[in-house]
file my_file-v9.tsv (TSV, C-alpha atoms and all ligand atoms)
chain	number	residue	atom	x	y	z
B	1	MET	CA	-64.13	5.68	-24.58
B	2	SER	CA	-61.97	8.09	-22.55
B	3	SER	CA	-63.32	11.51	-21.54
B	4	GLN	CA	-59.87	13.11	-21.43
B	5	PRO	CA	-58.88	15.59	-24.16
B	6	GLU	CA	-57.28	13.98	-27.21
B	7	THR	CA	-53.56	14.73	-26.98
B	8	MET	CA	-52.43	12.50	-29.84
B	9	PRO	CA	-52.35	14.61	-33.02
B	10	ALA	CA	-54.68	13.59	-35.81
B	11	LEU	CA	-53.11	12.32	-39.01
B	12	ALA	CA	-53.26	14.37	-42.20
B	13	GLN	CA	-55.84	12.12	-43.85
B	14	ARG	CA	-58.35	9.52	-42.69
B	15	ALA	CA	-56.67	7.10	-45.08
B	16	ASP	CA	-53.45	7.39	-43.02
B	17	ALA	CA	-55.29	6.56	-39.79
B	18	SER	CA	-56.98	3.59	-41.41
B	19	TYR	CA	-53.67	2.36	-42.86
B	20	LEU	CA	-52.11	2.55	-39.38
B	21	ASP	CA	-55.08	0.68	-37.89
B	22	PHE	CA	-54.26	-2.03	-40.40
B	23	VAL	CA	-50.57	-1.98	-39.37
B	24	GLU	CA	-51.60	-2.28	-35.71
B	25	GLY	CA	-53.69	-5.36	-36.53
B	26	PHE	CA	-50.94	-6.75	-38.75
B	27	ARG	CA	-48.49	-6.33	-35.87
B	28	GLU	CA	-50.90	-8.09	-33.52
B	29	TYR	CA	-51.19	-10.92	-36.04
B	30	ILE	CA	-47.42	-11.33	-36.38
B	31	LEU	CA	-46.55	-11.01	-32.71
B	32	GLY	CA	-49.67	-12.51	-31.18
B	33	LYS	CA	-51.64	-15.71	-31.48
B	34	GLY	CA	-52.75	-15.07	-35.09
B	35	ALA	CA	-49.63	-16.29	-36.85
B	36	ASP	CA	-48.32	-17.78	-33.60
B	37	PHE	CA	-44.74	-17.43	-34.85
B	38	GLU	CA	-43.28	-17.33	-31.37
B	39	ASP	CA	-44.76	-20.63	-30.15
B	40	ARG	CA	-44.26	-22.36	-33.49
B	41	LEU	CA	-40.61	-21.34	-33.75
B	42	ASN	CA	-39.97	-22.08	-30.11
B	43	GLU	CA	-41.41	-25.57	-30.58
B	44	GLU	CA	-39.11	-26.05	-33.60
B	45	LEU	CA	-36.14	-25.02	-31.45
B	46	LEU	CA	-37.12	-27.31	-28.58
B	47	ALA	CA	-37.68	-30.22	-30.97
B	48	GLU	CA	-34.21	-29.64	-32.45
B	49	GLU	CA	-32.79	-29.56	-28.93
B	50	ARG	CA	-34.35	-32.98	-28.28
B	51	ARG	CA	-33.01	-34.33	-31.59
B	52	ARG	CA	-29.50	-33.14	-30.70
B	53	GLY	CA	-29.80	-34.38	-27.13
B	54	LYS	CA	-28.35	-31.19	-25.66
B	55	LYS	CA	-29.61	-27.73	-24.72
B	56	TRP	CA	-28.97	-24.69	-26.87
B	57	GLN	CA	-25.89	-22.89	-25.63
B	58	GLU	CA	-24.66	-20.30	-28.06
B	59	LEU	CA	-26.93	-17.71	-29.59
B	60	GLU	CA	-25.12	-18.27	-32.90
B	61	GLU	CA	-26.42	-21.87	-33.03
B	62	ILE	CA	-30.00	-20.73	-32.38
B	63	ARG	CA	-29.67	-18.02	-35.02
B	64	ALA	CA	-28.37	-20.43	-37.66
B	65	HIS	CA	-31.25	-22.81	-36.99
B	66	VAL	CA	-33.98	-20.11	-37.18
B	67	HIS	CA	-32.45	-18.72	-40.38
B	68	GLY	CA	-32.61	-22.20	-41.89
B	69	LEU	CA	-36.39	-22.32	-41.42
B	70	PRO	CA	-38.68	-20.66	-44.01
B	71	LEU	CA	-41.02	-19.81	-41.11
B	72	GLY	CA	-38.19	-18.00	-39.32
B	73	ARG	CA	-37.22	-15.98	-42.37
B	74	LEU	CA	-40.85	-15.08	-43.08
B	75	ARG	CA	-41.42	-13.93	-39.52
B	76	ASP	CA	-38.30	-11.74	-39.56
B	77	ARG	CA	-39.25	-10.06	-42.82
B	78	LEU	CA	-42.79	-9.35	-41.56
B	79	ALA	CA	-41.53	-8.04	-38.22
B	80	ARG	CA	-39.22	-5.59	-39.97
B	81	THR	CA	-41.74	-4.64	-42.64
B	82	GLN	CA	-44.53	-3.69	-40.23
B	83	GLN	CA	-42.14	-1.25	-38.50
B	84	GLU	CA	-41.19	0.30	-41.83
B	85	MET	CA	-44.86	0.60	-42.85
B	86	LYS	CA	-45.69	2.38	-39.61
B	87	TRP	CA	-42.85	4.90	-39.66
B	88	HIS	CA	-43.13	5.63	-43.36
B	89	THR	CA	-46.82	6.54	-43.06
B	90	LEU	CA	-46.42	8.50	-39.84
B	91	LYS	CA	-43.52	10.51	-41.18
B	92	ARG	CA	-45.36	11.42	-44.38
B	93	SER	CA	-48.57	12.25	-42.55
B	94	PHE	CA	-46.93	14.50	-39.97
B	95	GLU	CA	-44.64	16.08	-42.56
B	96	ALA	CA	-47.77	17.29	-44.38
B	97	GLN	CA	-48.79	19.16	-41.21
B	98	ARG	CA	-45.35	20.25	-40.02
B	99	GLN	CA	-46.18	23.91	-39.73
B	100	SER	CA	-49.37	23.51	-37.70
B	101	LEU	CA	-47.83	20.86	-35.45
B	102	THR	CA	-44.79	22.98	-34.63
B	103	SER	CA	-46.95	26.01	-33.90
B	104	GLN	CA	-49.10	23.89	-31.55
B	105	LEU	CA	-45.93	23.04	-29.61
B	106	ALA	CA	-44.87	26.68	-29.44
B	107	HIS	CA	-48.36	27.59	-28.20
B	108	TRP	CA	-48.07	25.29	-25.19
B	109	ASP	CA	-44.36	25.78	-24.37
B	110	THR	CA	-45.02	28.65	-21.96
B	111	ARG	CA	-48.53	27.75	-20.79
B	112	GLY	CA	-49.36	25.78	-17.65
B	113	PRO	CA	-50.24	24.01	-15.57
B	114	GLY	CA	-46.78	22.53	-15.18
B	115	ARG	CA	-43.45	23.77	-16.45
B	116	LEU	CA	-41.08	22.99	-19.29
B	117	GLU	CA	-37.40	23.38	-18.37
B	118	LEU	CA	-35.24	23.12	-21.49
B	119	ASP	CA	-31.48	23.54	-21.22
B	120	ARG	CA	-30.29	25.73	-24.10
B	121	GLN	CA	-26.70	24.57	-23.49
B	122	PHE	CA	-27.61	20.86	-23.51
B	123	VAL	CA	-25.12	18.63	-25.36
B	124	TYR	CA	-26.45	15.23	-26.52
B	125	PRO	CA	-24.02	12.46	-25.52
B	126	PRO	CA	-22.77	10.34	-28.47
B	127	TYR	CA	-24.43	7.08	-27.30
B	128	VAL	CA	-27.92	8.54	-27.90
B	129	ASN	CA	-27.30	8.94	-31.62
B	130	VAL	CA	-29.36	5.85	-32.50
B	131	HIS	CA	-32.61	5.41	-34.43
B	132	PHE	CA	-34.26	3.38	-31.68
B	133	HIS	CA	-36.99	1.06	-33.05
B	134	LEU	CA	-36.18	2.52	-36.47
B	135	GLN	CA	-37.91	5.80	-35.58
B	136	PRO	CA	-36.95	8.23	-38.37
B	137	ALA	CA	-34.43	10.80	-37.01
B	138	GLY	CA	-34.38	8.98	-33.67
B	139	TYR	CA	-35.69	10.58	-30.48
B	140	TYR	CA	-34.35	14.09	-30.77
B	141	LYS	CA	-33.31	15.21	-34.24
B	142	ASP	CA	-36.73	16.22	-35.56
B	143	GLU	CA	-38.98	18.79	-33.88
B	144	LEU	CA	-41.83	16.33	-34.44
B	145	SER	CA	-40.08	13.33	-32.78
B	146	GLY	CA	-42.38	13.45	-29.75
B	147	TYR	CA	-45.50	13.28	-31.94
B	148	LEU	CA	-44.03	10.45	-34.00
B	149	TYR	CA	-43.25	8.58	-30.80
B	150	HIS	CA	-46.77	9.09	-29.41
B	151	TYR	CA	-48.57	7.68	-32.45
B	152	GLY	CA	-45.79	5.13	-33.02
B	153	THR	CA	-46.27	3.69	-29.53
B	154	LYS	CA	-50.05	3.58	-30.04
B	155	VAL	CA	-49.42	1.16	-32.92
B	156	PHE	CA	-46.58	-0.58	-31.08
B	157	PHE	CA	-48.62	-1.37	-27.94
B	158	ARG	CA	-51.60	-2.65	-29.96
B	159	GLY	CA	-54.54	-1.25	-28.06
B	160	ASP	CA	-52.73	-0.69	-24.76
B	161	ASN	CA	-51.70	2.89	-25.49
B	162	ASP	CA	-54.65	4.62	-27.11
B	163	HIS	CA	-55.29	6.68	-23.98
B	164	ASP	CA	-52.34	5.93	-21.67
B	165	GLU	CA	-53.87	2.62	-20.49
B	166	LEU	CA	-50.55	0.79	-20.13
B	167	HIS	CA	-48.85	3.60	-18.21
B	168	ALA	CA	-51.81	3.93	-15.83
B	169	LYS	CA	-51.72	0.17	-15.12
B	170	LEU	CA	-47.97	0.07	-14.51
B	171	VAL	CA	-47.96	3.14	-12.28
B	172	ALA	CA	-50.87	1.73	-10.24
B	173	ARG	CA	-48.76	-1.37	-9.45
B	174	VAL	CA	-45.78	0.56	-8.02
B	175	PRO	CA	-45.68	0.08	-4.23
B	176	ALA	CA	-45.66	3.24	-2.10
B	177	PRO	CA	-42.83	3.56	0.47
B	178	ALA	CA	-43.60	1.65	3.70
B	179	ASP	CA	-43.98	4.90	5.69
B	180	GLY	CA	-46.54	6.17	3.17
B	181	ARG	CA	-44.70	9.45	2.50
B	182	VAL	CA	-44.92	10.46	-1.15
B	183	GLU	CA	-44.08	14.12	-1.67
B	184	ARG	CA	-41.77	14.02	-4.68
B	185	ILE	CA	-41.65	11.62	-7.64
B	186	LEU	CA	-39.07	11.38	-10.41
B	187	ASP	CA	-39.91	9.79	-13.79
B	188	LEU	CA	-36.58	8.91	-15.44
B	189	ALA	CA	-36.56	9.08	-19.28
B	190	CYS	CA	-40.19	10.17	-19.27
B	191	SER	CA	-40.37	10.63	-23.09
B	192	ILE	CA	-43.85	12.16	-23.65
B	193	GLY	CA	-44.70	12.01	-19.93
B	194	GLN	CA	-47.46	9.39	-19.81
B	195	SER	CA	-46.15	7.81	-16.59
B	196	SER	CA	-45.49	11.25	-15.11
B	197	THR	CA	-49.15	12.28	-15.51
B	198	ALA	CA	-50.31	8.86	-14.24
B	199	PHE	CA	-48.25	9.44	-11.06
B	200	LYS	CA	-49.70	12.94	-10.65
B	201	ARG	CA	-53.19	11.44	-10.80
B	202	ARG	CA	-52.33	8.70	-8.33
B	203	PHE	CA	-50.61	11.11	-5.88
B	204	PRO	CA	-52.24	14.50	-6.59
B	205	SER	CA	-50.43	16.37	-3.81
B	206	ALA	CA	-46.96	15.12	-4.82
B	207	GLU	CA	-44.55	17.16	-6.94
B	208	VAL	CA	-43.90	15.11	-10.09
B	209	THR	CA	-40.87	15.67	-12.32
B	210	GLY	CA	-40.13	13.93	-15.61
B	211	VAL	CA	-36.62	14.06	-17.05
B	212	ASP	CA	-35.47	13.21	-20.55
B	213	TYR	CA	-32.68	14.37	-22.87
B	214	SER	CA	-34.88	14.96	-25.89
B	215	THR	CA	-36.24	18.46	-26.51
B	216	PRO	CA	-39.03	17.27	-28.86
B	217	MET	CA	-40.16	14.58	-26.38
B	218	LEU	CA	-40.22	17.07	-23.50
B	219	ARG	CA	-42.19	19.64	-25.49
B	220	VAL	CA	-44.87	17.06	-26.32
B	221	ALA	CA	-44.80	15.84	-22.69
B	222	HIS	CA	-45.43	19.37	-21.45
B	223	ARG	CA	-48.15	20.10	-24.02
B	224	ARG	CA	-49.86	16.81	-23.23
B	225	ALA	CA	-49.79	17.31	-19.44
B	226	ALA	CA	-50.95	20.94	-19.72
B	227	MET	CA	-53.83	19.91	-21.99
B	228	LEU	CA	-54.83	17.28	-19.42
B	229	GLY	CA	-54.59	19.85	-16.61
B	230	ASP	CA	-51.80	17.94	-14.84
B	231	ASP	CA	-49.21	20.04	-12.99
B	232	VAL	CA	-45.93	18.26	-13.82
B	233	THR	CA	-42.43	19.64	-14.41
B	234	PHE	CA	-40.53	18.33	-17.44
B	235	ALA	CA	-36.78	18.96	-17.40
B	236	GLN	CA	-34.01	18.31	-19.90
B	237	ARG	CA	-31.54	16.19	-17.96
B	238	LEU	CA	-29.68	12.92	-18.25
B	239	VAL	CA	-30.88	9.96	-16.22
B	240	GLU	CA	-27.29	9.24	-15.17
B	241	ASP	CA	-26.73	12.81	-13.99
B	242	THR	CA	-30.01	14.45	-12.98
B	243	GLY	CA	-28.51	17.19	-10.82
B	244	TYR	CA	-31.20	16.87	-8.11
B	245	ALA	CA	-30.30	16.93	-4.42
B	246	ASN	CA	-29.40	13.78	-2.46
B	247	GLY	CA	-32.46	11.90	-1.19
B	248	HIS	CA	-34.84	14.34	-2.92
B	249	PHE	CA	-37.39	11.82	-4.18
B	250	ASP	CA	-39.74	9.35	-2.46
B	251	ILE	CA	-40.34	7.36	-5.65
B	252	THR	CA	-38.01	7.10	-8.64
B	253	PHE	CA	-39.41	5.37	-11.70
B	254	ALA	CA	-38.02	4.05	-14.99
B	255	PHE	CA	-40.17	2.45	-17.68
B	256	ILE	CA	-38.37	0.70	-20.57
B	257	VAL	CA	-35.30	2.90	-20.64
B	258	PHE	CA	-32.60	0.62	-19.20
B	259	HIS	CA	-32.44	-1.58	-22.30
B	260	GLU	CA	-31.67	1.57	-24.32
B	261	LEU	CA	-28.60	2.48	-22.27
B	262	PRO	CA	-25.03	1.22	-22.75
B	263	LEU	CA	-23.91	-0.96	-19.83
B	264	ARG	CA	-21.68	1.76	-18.34
B	265	ILE	CA	-24.64	4.17	-18.31
B	266	ILE	CA	-26.88	1.49	-16.73
B	267	HIS	CA	-24.45	1.35	-13.79
B	268	GLU	CA	-24.27	5.14	-13.58
B	269	THR	CA	-28.06	5.47	-13.70
B	270	VAL	CA	-28.65	3.01	-10.85
B	271	CYS	CA	-25.99	4.88	-8.84
B	272	GLU	CA	-27.74	8.19	-9.60
B	273	ALA	CA	-31.14	6.76	-8.63
B	274	ALA	CA	-29.61	5.59	-5.34
B	275	ARG	CA	-28.29	9.11	-4.75
B	276	VAL	CA	-31.58	10.95	-5.38
B	277	THR	CA	-33.97	8.43	-3.78
B	278	ARG	CA	-34.35	8.94	-0.01
B	279	LYS	CA	-33.86	6.12	2.50
B	280	GLY	CA	-37.03	4.03	2.54
B	281	GLY	CA	-37.97	5.39	-0.88
B	282	ILE	CA	-38.82	3.18	-3.84
B	283	PHE	CA	-37.02	2.72	-7.14
B	284	ALA	CA	-39.43	1.01	-9.56
B	285	ILE	CA	-38.21	-0.30	-12.90
B	286	TYR	CA	-40.09	-2.01	-15.72
B	287	ASP	CA	-38.04	-3.42	-18.56
B	288	PHE	CA	-37.21	-6.41	-20.75
B	289	ILE	CA	-36.70	-9.77	-19.09
B	290	GLY	CA	-33.14	-11.02	-18.58
B	291	THR	CA	-31.49	-13.64	-20.81
B	292	ARG	CA	-31.54	-16.32	-18.13
B	293	ASP	CA	-35.37	-16.25	-18.04
B	294	LYS	CA	-35.77	-16.57	-21.77
B	295	SER	CA	-36.97	-19.39	-24.02
B	296	PRO	CA	-34.69	-20.19	-27.01
B	297	PHE	CA	-36.95	-18.19	-29.33
B	298	GLN	CA	-36.96	-15.20	-26.99
B	299	ARG	CA	-33.15	-15.31	-26.97
B	300	TYR	CA	-33.26	-15.26	-30.78
B	301	HIS	CA	-35.77	-12.42	-30.78
B	302	ARG	CA	-33.54	-10.31	-28.51
B	303	TRP	CA	-30.74	-10.68	-31.09
B	304	PHE	CA	-33.16	-9.82	-33.93
B	305	ASP	CA	-34.45	-6.73	-32.10
B	306	ALA	CA	-30.92	-5.52	-31.40
B	307	ARG	CA	-29.74	-6.09	-34.96
B	308	HIS	CA	-32.82	-5.22	-37.03
B	309	ASN	CA	-34.96	-3.00	-34.86
B	310	GLY	CA	-32.55	-0.35	-33.61
B	311	GLU	CA	-31.90	-1.73	-30.11
B	312	PRO	CA	-28.08	-1.89	-30.04
B	313	TYR	CA	-27.73	-1.93	-26.24
B	314	SER	CA	-30.56	-4.28	-25.30
B	315	GLN	CA	-28.54	-7.51	-25.46
B	316	ASP	CA	-26.09	-6.25	-22.83
B	317	PHE	CA	-28.98	-5.14	-20.64
B	318	CYS	CA	-30.66	-8.56	-20.87
B	319	ASP	CA	-27.35	-10.29	-20.10
B	320	CYS	CA	-26.57	-8.14	-17.07
B	321	ASN	CA	-27.76	-8.89	-13.55
B	322	LEU	CA	-29.82	-5.85	-12.61
B	323	GLU	CA	-30.66	-7.21	-9.13
B	324	ASN	CA	-26.94	-7.34	-8.33
B	325	ILE	CA	-26.36	-3.83	-9.66
B	326	LEU	CA	-29.28	-2.57	-7.56
B	327	ALA	CA	-28.01	-4.39	-4.45
B	328	LYS	CA	-24.47	-3.03	-4.92
B	329	ASN	CA	-25.89	0.49	-4.95
B	330	GLY	CA	-27.88	0.11	-1.72
B	331	PHE	CA	-31.27	-1.10	-2.94
B	332	LYS	CA	-33.17	-4.09	-1.59
B	333	VAL	CA	-35.21	-5.75	-4.36
B	334	ALA	CA	-38.62	-6.93	-3.09
B	335	ALA	CA	-38.78	-10.17	-5.09
B	336	ALA	CA	-36.98	-11.80	-7.97
B	337	PRO	CA	-38.41	-10.29	-11.14
B	338	VAL	CA	-40.67	-12.49	-13.18
B	339	GLY	CA	-40.90	-12.15	-16.93
B	340	GLN	CA	-44.48	-12.00	-18.03
B	341	ARG	CA	-46.44	-11.03	-21.08
B	342	SER	CA	-47.84	-7.60	-20.40
B	343	GLY	CA	-50.45	-6.93	-23.07
B	344	GLY	CA	-49.04	-5.03	-26.01
B	345	ALA	CA	-45.74	-4.47	-24.22
B	346	GLY	CA	-44.67	-8.10	-24.72
B	347	TYR	CA	-42.47	-9.71	-22.10
B	348	MET	CA	-41.49	-7.45	-19.25
B	349	SER	CA	-40.12	-7.72	-15.76
B	350	ASN	CA	-40.43	-5.38	-12.85
B	351	TRP	CA	-37.92	-4.58	-10.16
B	352	PHE	CA	-39.42	-2.84	-7.12
B	353	ALA	CA	-36.50	-1.84	-4.91
B	354	THR	CA	-36.32	-0.03	-1.59
B	355	ARG	CA	-33.45	2.36	-0.81
B	356	GLU	CA	-31.73	1.12	2.34
B	401	LIG	C1	-38.34	3.90	-24.82
B	401	LIG	S1	-38.41	5.54	-24.30
B	401	LIG	C2	-38.79	5.39	-22.58
B	401	LIG	C3	-40.24	5.24	-22.41
B	401	LIG	C4	-40.86	6.22	-21.48
B	401	LIG	N1	-40.43	6.01	-20.11
B	401	LIG	C5	-42.35	6.15	-21.62
B	401	LIG	O1	-43.04	6.11	-20.61
B	401	LIG	O2	-42.86	6.18	-22.74
B	401	LIG	C6	-36.83	6.08	-24.20
B	401	LIG	C7	-36.77	7.54	-23.73
B	401	LIG	O3	-35.61	7.63	-22.93
B	401	LIG	C8	-34.95	8.83	-23.21
B	401	LIG	N2	-33.56	8.60	-22.80
B	401	LIG	C9	-32.75	7.58	-23.20
B	401	LIG	N3	-31.54	7.67	-22.60
B	401	LIG	C10	-31.60	8.75	-21.78
B	401	LIG	C11	-30.67	9.38	-20.91
B	401	LIG	N4	-29.44	8.90	-20.77
B	401	LIG	N5	-31.06	10.46	-20.24
B	401	LIG	C12	-32.31	10.98	-20.40
B	401	LIG	N6	-33.23	10.44	-21.21
B	401	LIG	C13	-32.89	9.34	-21.90
B	401	LIG	C14	-35.19	9.05	-24.69
B	401	LIG	O4	-35.06	10.38	-25.07
B	401	LIG	C15	-36.62	8.54	-24.86
B	401	LIG	O5	-37.55	9.57	-24.71
call {"tool": "encode", "arguments": {"input": "my_file-v9.tsv", "output": "structure tokens", "more": "lines below"}}
Ligand SMILES: C[S@@+](CC[C@H](N)C(=O)[O-])C[C@H]1O[C@@H](n2cnc3c(N)ncnc32)[C@H](O)[C@@H]1O
result
Amino acid sequence: MSSQPETMPALAQRADASYLDFVEGFREYILGKGADFEDRLNEELLAEERRRGKKWQELEEIRAHVHGLPLGRLRDRLARTQQEMKWHTLKRSFEAQRQSLTSQLAHWDTRGPGRLELDRQFVYPPYVNVHFHLQPAGYYKDELSGYLYHYGTKVFFRGDNDHDELHAKLVARVPAPADGRVERILDLACSIGQSSTAFKRRFPSAEVTGVDYSTPMLRVAHRRAAMLGDDVTFAQRLVEDTGYANGHFDITFAFIVFHELPLRIIHETVCEAARVTRKGGIFAIYDFIGTRDKSPFQRYHRWFDARHNGEPYSQDFCDCNLENILAKNGFKVAAAPVGQRSGGAGYMSNWFATRE
């Protein structure tokens, strides 16, 4: 049990919380060892490969085969349905408390520690108009989007995000620059600021800044950090154009944002990270594993996620060679990334790169 203040808003009724506990378990069952869909479908695909005497090449062939299996169709329906169950309940439960939740945000907007820097002139670029992971109204069109995201990711990460556990673990693994200097840290696409506060706790004397485009995310990030007593700045900026000075940061960090960017913006964001990270500084990225490291079922799942779970850009990200993009922009990647299951986060890779 954590001793930190509870920053995740309570649901309107206990019945909603218990329903969402069920959805979390249901999700664990579908995606984990309970139903074991992944291993069972992957075995089916490998057996078919052996029968055909040649490796799967085209995604279209894999897709046709999975769709021909009752197990494949069942798994897809359940994967989609558990997302719909989660968002439907969360939306209804927060809607019932809209007034009190919005006044809580207003209460914290101007209180510290930490600062909220919203840009009243901010224009959302067209590529962000997506309902990522089917979140109702997406990341920025509802004042309550940050709260929806917070509870939504609690269910999504299945026990790894009740009290920021996953973010604390990932931040702890980021290497410090070789010279040990850590005065300024940038958390790119910080959403509700869980990595930003984890960095502040790991490096208490450093200045930590989280940037994101979404006003509702940043307001929840600021409220959350202020409630925890963490002095962090949250600013409304684009990851591909942060506006900070050259070489300003010792560590630049990005957790699961690259797969949500169009390929052109991926290139621009790496270029921007290279600009704002000082020589010898670290750029640490956690994100989905690349296509070349994937089993046939994981390749299928990437297609499913893109098509049926609001991840339109993720296929291009998984197909691109992020190490090459990093190298072209003046980063040296410590080791080839390895895809591994990371608790509730599923398969992820990390790229720890040093600015040369
Ligand atoms: C999946 S979340 C990232 C997770 C986040 N790093 C965390 O720790 O929870 C995606 C976030 O990236 C933000 N985002 C996506 N594209 C962005 C961009 N081009 N500039 C700034 N923020 C962006 C979204 O608003 C959203 O809050």
call {"tool": "axis_aligned_box", "arguments": {"input": "my_file-v9.tsv", "around": "ligand LIG 401 (chain B)", "padding_each_side": "5 Å", "output": "JSON"}}
result
{"center_x": -36.2, "center_y": 7.4, "center_z": -22.6, "size_x": 23.6, "size_y": 17.1, "size_z": 15.0}
call {"tool": "closest_atom_pairs", "arguments": {"input": "my_file-v9.tsv", "of": "stretch 131-150 of chain B", "to": "stretch 257-278 of chain B", "cutoff": "12 Å", "atoms": "all atoms listed in the file", "output": "JSON lines"}}
result
{"residue": "B:His131", "atom": "CA", "partner": "B:Glu260", "partner_atom": "CA", "distance": 10.9}
{"residue": "B:Phe132", "atom": "CA", "partner": "B:Glu260", "partner_atom": "CA", "distance": 8.0}
{"residue": "B:His133", "atom": "CA", "partner": "B:Glu260", "partner_atom": "CA", "distance": 10.2}
{"residue": "B:Tyr139", "atom": "CA", "partner": "B:Glu260", "partner_atom": "CA", "distance": 11.6}
call {"tool": "atom_distance", "arguments": {"input": "my_file-v9.tsv", "atom1": "atom CA of B:Val128", "atom2": "atom CA of B:Gly152"}}
result
18.9 Å
call {"tool": "closest_residue", "arguments": {"input": "my_file-v9.tsv", "among": "B:Ala137, B:Leu170, B:Cys190, B:Ile62", "to": "B:Lys91", "atoms": "all atoms listed in the file"}}
result
B:Ala137
call {"tool": "closest_atom_pairs", "arguments": {"input": "my_file-v9.tsv", "of": "stretch 192-289 of chain B", "to": "stretch 145-149 of chain B", "cutoff": "6 Å", "atoms": "only C-alpha atoms", "output": "tab-separated table"}}
result
residue	atom	partner	partner_atom	distance
B:Pro216	CA	B:Gly146	CA	5.2
B:Met217	CA	B:Gly146	CA	4.2
B:Val220	CA	B:Gly146	CA	5.6
call {"tool": "closest_residue", "arguments": {"input": "my_file-v9.tsv", "among": "B:Arg120, B:His301, B:Arg92, B:Lys169", "to": "ligand LIG 401 (chain B)", "atoms": "all atoms listed in the file"}}
result
B:Lys169
call {"tool": "closest_residue", "arguments": {"input": "my_file-v9.tsv", "among": "B:Ile289, B:Val130, B:Cys318, B:Leu74", "to": "ligand LIG 401 (chain B)", "atoms": "only C-alpha atoms and all ligand atoms"}}
result
B:Val130
call {"tool": "residues_around", "arguments": {"input": "my_file-v9.tsv", "residues": "B:Leu31", "least_positions_apart": "5", "cutoff": "10 Å", "atoms": "only C-alpha atoms", "output": "list in words"}}
result
Gly25, Phe26, Asp36, Phe37, Glu38, Arg75, Leu78, Ala79, Gly344 and Gly346 of chain B
call {"tool": "closest_residue", "arguments": {"input": "my_file-v9.tsv", "among": "B:Thr197, B:Ser93, B:Gln13, B:Ser349", "to": "ligand LIG 401 (chain B)", "atoms": "all atoms listed in the file"}}
result
B:Thr197
call {"tool": "closest_atom_pairs", "arguments": {"input": "my_file-v9.tsv", "of": "chain B", "to": "ligand LIG 401 (chain B)", "cutoff": "7 Å", "atoms": "all atoms listed in the file", "output": "JSON lines"}}
result
{"residue": "B:Val128", "atom": "CA", "partner": "B:LIG401", "partner_atom": "N3", "distance": 6.5}
{"residue": "B:Tyr139", "atom": "CA", "partner": "B:LIG401", "partner_atom": "O4", "distance": 5.5}
{"residue": "B:Tyr140", "atom": "CA", "partner": "B:LIG401", "partner_atom": "O4", "distance": 6.8}
{"residue": "B:His167", "atom": "CA", "partner": "B:LIG401", "partner_atom": "O1", "distance": 6.8}
{"residue": "B:Leu188", "atom": "CA", "partner": "B:LIG401", "partner_atom": "N1", "distance": 6.7}
{"residue": "B:Ala189", "atom": "CA", "partner": "B:LIG401", "partner_atom": "O3", "distance": 4.0}
{"residue": "B:Cys190", "atom": "CA", "partner": "B:LIG401", "partner_atom": "N1", "distance": 4.3}
{"residue": "B:Ser191", "atom": "CA", "partner": "B:LIG401", "partner_atom": "O5", "distance": 3.4}
{"residue": "B:Ile192", "atom": "CA", "partner": "B:LIG401", "partner_atom": "O2", "distance": 6.1}
{"residue": "B:Gly193", "atom": "CA", "partner": "B:LIG401", "partner_atom": "O1", "distance": 6.2}
{"residue": "B:Gln194", "atom": "CA", "partner": "B:LIG401", "partner_atom": "O1", "distance": 5.6}
{"residue": "B:Ser195", "atom": "CA", "partner": "B:LIG401", "partner_atom": "O1", "distance": 5.4}
{"residue": "B:Val211", "atom": "CA", "partner": "B:LIG401", "partner_atom": "C12", "distance": 6.3}
{"residue": "B:Asp212", "atom": "CA", "partner": "B:LIG401", "partner_atom": "N6", "distance": 3.6}
{"residue": "B:Tyr213", "atom": "CA", "partner": "B:LIG401", "partner_atom": "C12", "distance": 4.2}
{"residue": "B:Ser214", "atom": "CA", "partner": "B:LIG401", "partner_atom": "O4", "distance": 4.7}
{"residue": "B:Met217", "atom": "CA", "partner": "B:LIG401", "partner_atom": "O5", "distance": 5.9}
{"residue": "B:Arg237", "atom": "CA", "partner": "B:LIG401", "partner_atom": "C12", "distance": 5.8}
{"residue": "B:Leu238", "atom": "CA", "partner": "B:LIG401", "partner_atom": "N5", "distance": 3.5}
{"residue": "B:Val239", "atom": "CA", "partner": "B:LIG401", "partner_atom": "N5", "distance": 4.1}
{"residue": "B:Glu240", "atom": "CA", "partner": "B:LIG401", "partner_atom": "N4", "distance": 6.0}
{"residue": "B:Ala254", "atom": "CA", "partner": "B:LIG401", "partner_atom": "N1", "distance": 6.0}
{"residue": "B:Phe255", "atom": "CA", "partner": "B:LIG401", "partner_atom": "N1", "distance": 4.3}
{"residue": "B:Ile256", "atom": "CA", "partner": "B:LIG401", "partner_atom": "C2", "distance": 5.1}
{"residue": "B:Val257", "atom": "CA", "partner": "B:LIG401", "partner_atom": "C2", "distance": 4.7}
{"residue": "B:Glu260", "atom": "CA", "partner": "B:LIG401", "partner_atom": "C9", "distance": 6.2}
{"residue": "B:Leu261", "atom": "CA", "partner": "B:LIG401", "partner_atom": "N3", "distance": 6.0}
call {"tool": "atom_distance", "arguments": {"input": "my_file-v9.tsv", "atom1": "atom CA of B:Phe253", "atom2": "atom CA of B:Ala306"}}
result
24.1 Å
call {"tool": "closest_residue", "arguments": {"input": "my_file-v9.tsv", "among": "B:Met8, B:Val208, B:Val123, B:Leu41", "to": "B:Arg73", "atoms": "all atoms listed in the file"}}
result
B:Leu41
call {"tool": "residues_around", "arguments": {"input": "my_file-v9.tsv", "residues": "B:Ser3", "least_positions_apart": "2", "cutoff": "12 Å", "atoms": "only C-alpha atoms", "output": "list in words"}}
result
Met1, Pro5, Glu6, Thr7, His163 and Leu228 of chain B
call {"tool": "residues_around", "arguments": {"input": "my_file-v9.tsv", "residues": "B:Ala235", "least_positions_apart": "3", "cutoff": "8 Å", "atoms": "all atoms listed in the file", "output": "list in words"}}
result
Leu116, Glu117, Leu118, Asp119, Thr209, Gly210, Val211, Asp212 and Leu218 of chain B
